[in-house]
There are 2 protein chains.
Amino acid sequence: MSYVTSMFARRFSIFGCATVATTWLFNRNRNGSEYMATPITDEKLLVKPEKMVFKMEKMCMDLQNRLCRELEAVETSNKKFKPDRWLRKQGGGGISCVLQDGEVFEKAGVNISVVHGKLPPAAVKQMRSRGKNLPDNQSLPFMAVGISCVIHPTNPMVPTVHFNYRYFEVDTVEEKQWWFGGGSDLTPSYLNHKDAIHFHSTLKEACDKHDATYYPKFKKWCDDYFHVTHRGERRGLGGIFFDDVDTPSADAVFDFVSSCAYAVIPSYLPIIREHVNDPFTEEQKQWQQLRRGRYVEFNLVHDRGTKFGLLTPEARVESILMSLPLTARWEYMHTPTEGSAEKELTDVLRNPRDWV
Amino acid sequence: MSYVTSMFARRFSIFGCATVATTWLFNRNRNGSEYMATPITDEKLLVKPEKMVFKMEKMCMDLQNRLCRELEAVETSNKKFKPDRWLRKQGGGGISCVLQDGEVFEKAGVNISVVHGKLPPAAVKQMRSRGKNLPDNQSLPFMAVGISCVIHPTNPMVPTVHFNYRYFEVDTVEEKQWWFGGGSDLTPSYLNHKDAIHFHSTLKEACDKHDATYYPKFKKWCDDYFHVTHRGERRGLGGIFFDDVDTPSADAVFDFVSSCAYAVIPSYLPIIREHVNDPFTEEQKQWQQLRRGRYVEFNLVHDRGTKFGLLTPEARVESILMSLPLTARWEYMHTPTEGSAEKELTDVLRNPRDWV
């Protein structure tokens, strides 16, 4: 393993981002479990984490590693995730793991970021606009820890998945404010009822353990958020989406977020295994490419996180745009024919359904 | 010709946009010259146009036809531009001509729009923000006539070109305000000095006939406008870009705009002919696809016209997004190697040069 990773290090050094220190060494942590790279925070602090930022980082690191290993086990080429550890001048850093141009996965990225510093006034403004009680026109100290992931499989019968779970702390003169946000959603090129029901059921189960009102509320929030308004359709079949969750207690919300985050594996991996060997035609692959085009449209035109990230000075653009597919296509005036499987999908995207 | 066009009409009817009336008949106008479709405005008004909106529409219709014919003459497959005439519920309409999946042209679109109605307050706000003296919080009557075009050739040695020329009128209680805007710019995947000099020289010549200060001013404006800020690079090698030009007189600015608009043919066609048969490798094609990805990023994240269009209710999305390439690619952390032709291009995109 160390030979392979040092090869990656050499290969990657020509791509190096001048402003960040990078290492690509797999790391065995003190508990004997593997992380994809040395954590951003001193590992001693993660063993028995006392603060929520450390608890969240430990969970994200563990999930990143487990998920990458699960996905590598499904990938049939010898491609592996390449961990890319980067540091931010302003504080903190991240670990981006990407597997690109594989046989099963066209592009899969699992990204952790652990950042701290001063929130620029524009970011504070954005938070105030969604109801946060923060002082205006000030740079506020913040910490944010999160994991985000997008997986674009090669086979058009295997859906794309996206998830993101994050913890935020902002210090004002009066108090420390904190909240969690996140969500998971499925974007197929072809509708498969069994997959949709399985994905949503697994998420509902993860939610229901904590609060029976969560799933219906966050399912609707997801349909509302992933709305490609200029196309009048949703990006995909949805899932859950939430932000600003700060009750009943930090530990309780952390447990809920952990349940959802770990649920990615049982919600998605069985769907990959089910369809990875499905036959498909050239036309079906083209349709997938057109759907990838819509994915790009949502992410670049509407997605709050992407837009905000791209406008942040010194942002790590490669980690933000890791979510874009390897390839995409735009045909003028393409419309699926009535009664086709392609039309069946777009009908559901126009009128989101309840799956459980 | 009429057989071919009626074939297009039949083929296109399955793609029909329910809200617009469509015809696909080539039309021979009263002067004996061809337009791509029946003009949006009653043709009698265009013969000897008295108003500037009609003068502009006539120019745009003529240029659309000439350019499409010139491009068809270069295309080696039997693909032709498909004229698609659409009407807006709120007033006016447009003619979109697209040639897609050709041998020489991967995707080429030449679009005319002739629209009138009420400017929504958000549009007025945007105009006020760039210095227009318009009353706030009001819907104002407006007319806009313009031509816009993006040509993405197949061969990575043939650059992409974009141009847009438009005339705007807004009525306030006190007065009718009018102005012209527009520009042309070149986006190659590989740098060719001769092409860059030819393109810029042709535009400079078109400008210089009208005002010697135009080219230097509008060349810089172009470099500033097509700035993909999150990548720290320009979209391409620039050209000219201007807005709000309303002196010395409407006729004088129209003459200037016409010179620039018609200059597209001598500025770009020779470059296509020069490189259309250049050999290229699979790697060079892939690099072109990565550059197409950057093109998409600019258009969806930064381009004012696209962003504004997508947020306008009832906008004709297919005409707005006609500018996107047929295919594009995003690789995580792709960086061209030192000394390569790919690196030479990105260096110029980071530090725009003077070409004449």
# chains A, B, ... in the order shown; residues from 1 in each chain; ligands from 1
>>> interface_residues(of="chain A", to="chain B", cutoff="7 Å", atoms="only C-alpha atoms", output="PyMOL selection string")
chain A and resi 15+230+300-301+310-311+317-318+322+324-335
>>> write_last_selection(atoms="N, CA and C atoms", output="compact mmCIF listing (two decimals), in the first residue's frame")
# COMPACT_ATOMS: atom_id res chain seq x y z
N PHE A 15 0.52 18.20 -9.86
CA PHE A 15 -0.76 18.93 -9.87
C PHE A 15 -0.88 19.83 -8.64
N HIS A 230 -35.34 26.69 -13.59
CA HIS A 230 -35.41 27.08 -15.01
C HIS A 230 -35.83 25.91 -15.91
N LEU A 300 -24.23 24.47 -10.74
CA LEU A 300 -23.60 25.76 -11.02
C LEU A 300 -24.57 26.93 -10.94
N VAL A 301 -25.85 26.70 -11.23
CA VAL A 301 -26.79 27.83 -11.24
C VAL A 301 -27.50 27.98 -9.90
N LEU A 310 -17.69 29.17 -4.68
CA LEU A 310 -16.95 29.73 -5.82
C LEU A 310 -16.69 31.22 -5.66
N LEU A 311 -17.54 31.88 -4.87
CA LEU A 311 -17.36 33.32 -4.69
C LEU A 311 -16.48 33.65 -3.47
N VAL A 317 -11.23 25.39 -5.21
CA VAL A 317 -12.19 25.18 -6.30
C VAL A 317 -12.28 23.71 -6.70
N GLU A 318 -11.15 23.02 -6.72
CA GLU A 318 -11.17 21.61 -7.15
C GLU A 318 -12.03 20.74 -6.23
N MET A 322 -15.55 19.11 -7.52
CA MET A 322 -15.46 17.65 -7.53
C MET A 322 -16.84 17.04 -7.80
N LEU A 324 -18.98 17.85 -9.98
CA LEU A 324 -19.38 17.81 -11.39
C LEU A 324 -19.03 16.46 -11.99
N PRO A 325 -19.83 15.97 -12.91
CA PRO A 325 -19.55 14.67 -13.52
C PRO A 325 -18.30 14.72 -14.40
N LEU A 326 -17.77 13.56 -14.73
CA LEU A 326 -16.60 13.53 -15.62
C LEU A 326 -16.99 14.10 -16.98
N THR A 327 -18.16 13.73 -17.47
CA THR A 327 -18.62 14.20 -18.78
C THR A 327 -20.11 14.55 -18.73
N ALA A 328 -20.50 15.47 -19.60
CA ALA A 328 -21.91 15.88 -19.66
C ALA A 328 -22.23 16.32 -21.08
N ARG A 329 -23.51 16.44 -21.38
CA ARG A 329 -23.95 16.71 -22.75
C ARG A 329 -25.17 17.64 -22.75
N TRP A 330 -25.21 18.53 -23.74
CA TRP A 330 -26.37 19.40 -23.93
C TRP A 330 -26.79 19.35 -25.39
N GLU A 331 -28.00 18.86 -25.64
CA GLU A 331 -28.56 18.89 -27.00
C GLU A 331 -29.67 19.92 -27.03
N TYR A 332 -29.67 20.72 -28.08
CA TYR A 332 -30.73 21.72 -28.23
C TYR A 332 -32.07 21.01 -28.41
N MET A 333 -33.06 21.37 -27.61
CA MET A 333 -34.44 20.93 -27.77
C MET A 333 -34.63 19.42 -27.65
N HIS A 334 -33.77 18.75 -26.90
CA HIS A 334 -33.99 17.31 -26.71
C HIS A 334 -35.20 17.10 -25.80
N THR A 335 -36.13 16.30 -26.23
CA THR A 335 -37.30 15.98 -25.41
C THR A 335 -37.59 14.50 -25.57
>>> residues_around(residues="B:Lys209", least_positions_apart="5", cutoff="9 Å", atoms="only C-alpha atoms", output="PyMOL selection string")
chain B and resi 204+256+259
>>> select_by_dssp(residues="stretch 102-324 of chain B", states="alpha helix (DSSP H)", output="ChimeraX atom specification")
/B:121-129,193-208,214-225,250-262,264-275,282-297,304-311,317-320
>>> atom_distance(atom1="atom CA of B:Gly339", atom2="atom CA of B:Asp224")
26.6 Å
>>> atom_distance(atom1="atom CA of B:Leu71", atom2="atom CA of B:Leu269")
7.8 Å
>>> atom_distance(atom1="atom CA of A:Arg130", atom2="atom CA of B:Arg130")
27.4 Å
>>> closest_residue(among="B:Glu342, B:Asp278, B:Asp251, B:Asp136", to="B:Met52", atoms="only C-alpha atoms")
B:Asp251
>>> closest_residue(among="B:Val276, B:Leu119, B:Ile265, B:Met61", to="B:Thr76", atoms="only C-alpha atoms")
B:Val276
>>> decode(residues="stretch 95-199 of chain B", atoms="C-alpha atoms", output="JSON list (two decimals), in the first residue's frame")
[["chain", "number", "residue", "atom", "x", "y", "z"],
["B", 95, "ILE", "CA", -35.68, 32.60, -34.47],
["B", 96, "SER", "CA", -33.16, 30.06, -33.20],
["B", 97, "CYS", "CA", -31.04, 28.31, -35.83],
["B", 98, "VAL", "CA", -29.03, 25.34, -34.61],
["B", 99, "LEU", "CA", -26.72, 22.91, -36.42],
["B", 100, "GLN", "CA", -25.82, 20.07, -34.08],
["B", 101, "ASP", "CA", -23.65, 16.97, -34.30],
["B", 102, "GLY", "CA", -22.12, 17.91, -37.64],
["B", 103, "GLU", "CA", -18.65, 16.90, -38.82],
["B", 104, "VAL", "CA", -17.15, 20.40, -38.70],
["B", 105, "PHE", "CA", -19.50, 21.81, -36.08],
["B", 106, "GLU", "CA", -20.26, 19.96, -32.88],
["B", 107, "LYS", "CA", -22.86, 22.60, -32.06],
["B", 108, "ALA", "CA", -23.51, 25.97, -33.69],
["B", 109, "GLY", "CA", -26.38, 28.25, -32.81],
["B", 110, "VAL", "CA", -27.38, 31.61, -34.27],
["B", 111, "ASN", "CA", -30.28, 33.13, -32.39],
["B", 112, "ILE", "CA", -32.36, 36.24, -33.00],
["B", 113, "SER", "CA", -34.77, 37.68, -30.49],
["B", 114, "VAL", "CA", -37.21, 40.51, -30.98],
["B", 115, "VAL", "CA", -39.04, 40.99, -27.73],
["B", 116, "HIS", "CA", -41.20, 43.62, -26.14],
["B", 117, "GLY", "CA", -43.33, 43.93, -23.04],
["B", 118, "LYS", "CA", -42.79, 45.11, -19.50],
["B", 119, "LEU", "CA", -39.38, 44.93, -17.86],
["B", 120, "PRO", "CA", -39.81, 43.29, -14.44],
["B", 121, "PRO", "CA", -38.60, 45.43, -11.48],
["B", 122, "ALA", "CA", -35.65, 43.00, -10.97],
["B", 123, "ALA", "CA", -34.42, 43.77, -14.49],
["B", 124, "VAL", "CA", -34.82, 47.51, -13.88],
["B", 125, "LYS", "CA", -32.84, 47.08, -10.66],
["B", 126, "GLN", "CA", -30.02, 45.34, -12.54],
["B", 127, "MET", "CA", -29.92, 48.18, -15.09],
["B", 128, "ARG", "CA", -29.94, 50.81, -12.34],
["B", 129, "SER", "CA", -27.04, 49.01, -10.66],
["B", 130, "ARG", "CA", -24.89, 49.63, -13.73],
["B", 131, "GLY", "CA", -25.79, 53.32, -13.77],
["B", 132, "LYS", "CA", -28.98, 53.57, -15.86],
["B", 133, "ASN", "CA", -31.18, 56.46, -14.80],
["B", 134, "LEU", "CA", -34.46, 54.53, -14.51],
["B", 135, "PRO", "CA", -37.23, 54.84, -11.89],
["B", 136, "ASP", "CA", -37.01, 52.18, -9.17],
["B", 137, "ASN", "CA", -39.65, 49.55, -8.34],
["B", 138, "GLN", "CA", -41.58, 49.94, -11.57],
["B", 139, "SER", "CA", -42.36, 47.71, -14.51],
["B", 140, "LEU", "CA", -41.26, 49.69, -17.56],
["B", 141, "PRO", "CA", -42.26, 49.10, -21.20],
["B", 142, "PHE", "CA", -39.27, 47.91, -23.25],
["B", 143, "MET", "CA", -38.23, 46.58, -26.64],
["B", 144, "ALA", "CA", -35.09, 44.56, -27.29],
["B", 145, "VAL", "CA", -33.73, 43.25, -30.57],
["B", 146, "GLY", "CA", -30.58, 41.20, -30.76],
["B", 147, "ILE", "CA", -28.57, 38.44, -32.38],
["B", 148, "SER", "CA", -26.42, 36.02, -30.41],
["B", 149, "CYS", "CA", -24.31, 33.15, -31.57],
["B", 150, "VAL", "CA", -21.99, 30.47, -30.24],
["B", 151, "ILE", "CA", -20.11, 28.07, -32.50],
["B", 152, "HIS", "CA", -18.37, 25.02, -31.02],
["B", 153, "PRO", "CA", -16.40, 23.24, -33.75],
["B", 154, "THR", "CA", -15.46, 19.57, -33.58],
["B", 155, "ASN", "CA", -11.75, 19.89, -34.33],
["B", 156, "PRO", "CA", -9.89, 21.10, -31.20],
["B", 157, "MET", "CA", -7.65, 23.22, -33.44],
["B", 158, "VAL", "CA", -10.65, 25.33, -34.51],
["B", 159, "PRO", "CA", -11.59, 27.82, -31.78],
["B", 160, "THR", "CA", -15.06, 28.45, -30.41],
["B", 161, "VAL", "CA", -16.50, 31.85, -31.25],
["B", 162, "HIS", "CA", -19.26, 33.82, -29.53],
["B", 163, "PHE", "CA", -20.88, 37.10, -30.42],
["B", 164, "ASN", "CA", -23.94, 39.05, -29.38],
["B", 165, "TYR", "CA", -25.23, 42.44, -30.57],
["B", 166, "ARG", "CA", -28.36, 44.00, -29.15],
["B", 167, "TYR", "CA", -30.46, 47.15, -29.12],
["B", 168, "PHE", "CA", -32.60, 48.17, -26.14],
["B", 169, "GLU", "CA", -35.35, 50.73, -25.62],
["B", 170, "VAL", "CA", -37.02, 51.51, -22.31],
["B", 171, "ASP", "CA", -39.88, 53.98, -21.91],
["B", 172, "THR", "CA", -40.09, 56.05, -18.77],
["B", 173, "VAL", "CA", -42.70, 58.73, -18.15],
["B", 174, "GLU", "CA", -40.20, 61.43, -19.10],
["B", 175, "GLU", "CA", -38.41, 59.94, -22.10],
["B", 176, "LYS", "CA", -37.50, 56.95, -24.22],
["B", 177, "GLN", "CA", -34.06, 55.66, -23.32],
["B", 178, "TRP", "CA", -32.11, 53.53, -25.80],
["B", 179, "TRP", "CA", -28.70, 51.91, -26.02],
["B", 180, "PHE", "CA", -26.67, 49.26, -27.83],
["B", 181, "GLY", "CA", -24.51, 46.52, -26.39],
["B", 182, "GLY", "CA", -22.57, 43.60, -27.73],
["B", 183, "GLY", "CA", -19.26, 41.98, -28.48],
["B", 184, "SER", "CA", -17.37, 39.15, -30.14],
["B", 185, "ASP", "CA", -14.80, 36.87, -28.56],
["B", 186, "LEU", "CA", -12.67, 33.86, -29.47],
["B", 187, "THR", "CA", -12.10, 30.79, -27.26],
["B", 188, "PRO", "CA", -9.50, 28.36, -28.58],
["B", 189, "SER", "CA", -8.34, 25.13, -26.95],
["B", 190, "TYR", "CA", -4.89, 25.71, -28.44],
["B", 191, "LEU", "CA", -3.18, 29.07, -28.85],
["B", 192, "ASN", "CA", -2.46, 30.14, -32.41],
["B", 193, "HIS", "CA", -0.91, 33.60, -32.62],
["B", 194, "LYS", "CA", -1.88, 34.14, -36.24],
["B", 195, "ASP", "CA", -5.54, 33.41, -35.48],
["B", 196, "ALA", "CA", -5.56, 35.67, -32.43],
["B", 197, "ILE", "CA", -4.00, 38.54, -34.38],
["B", 198, "HIS", "CA", -6.35, 38.04, -37.33],
["B", 199, "PHE", "CA", -9.45, 37.95, -35.11]]
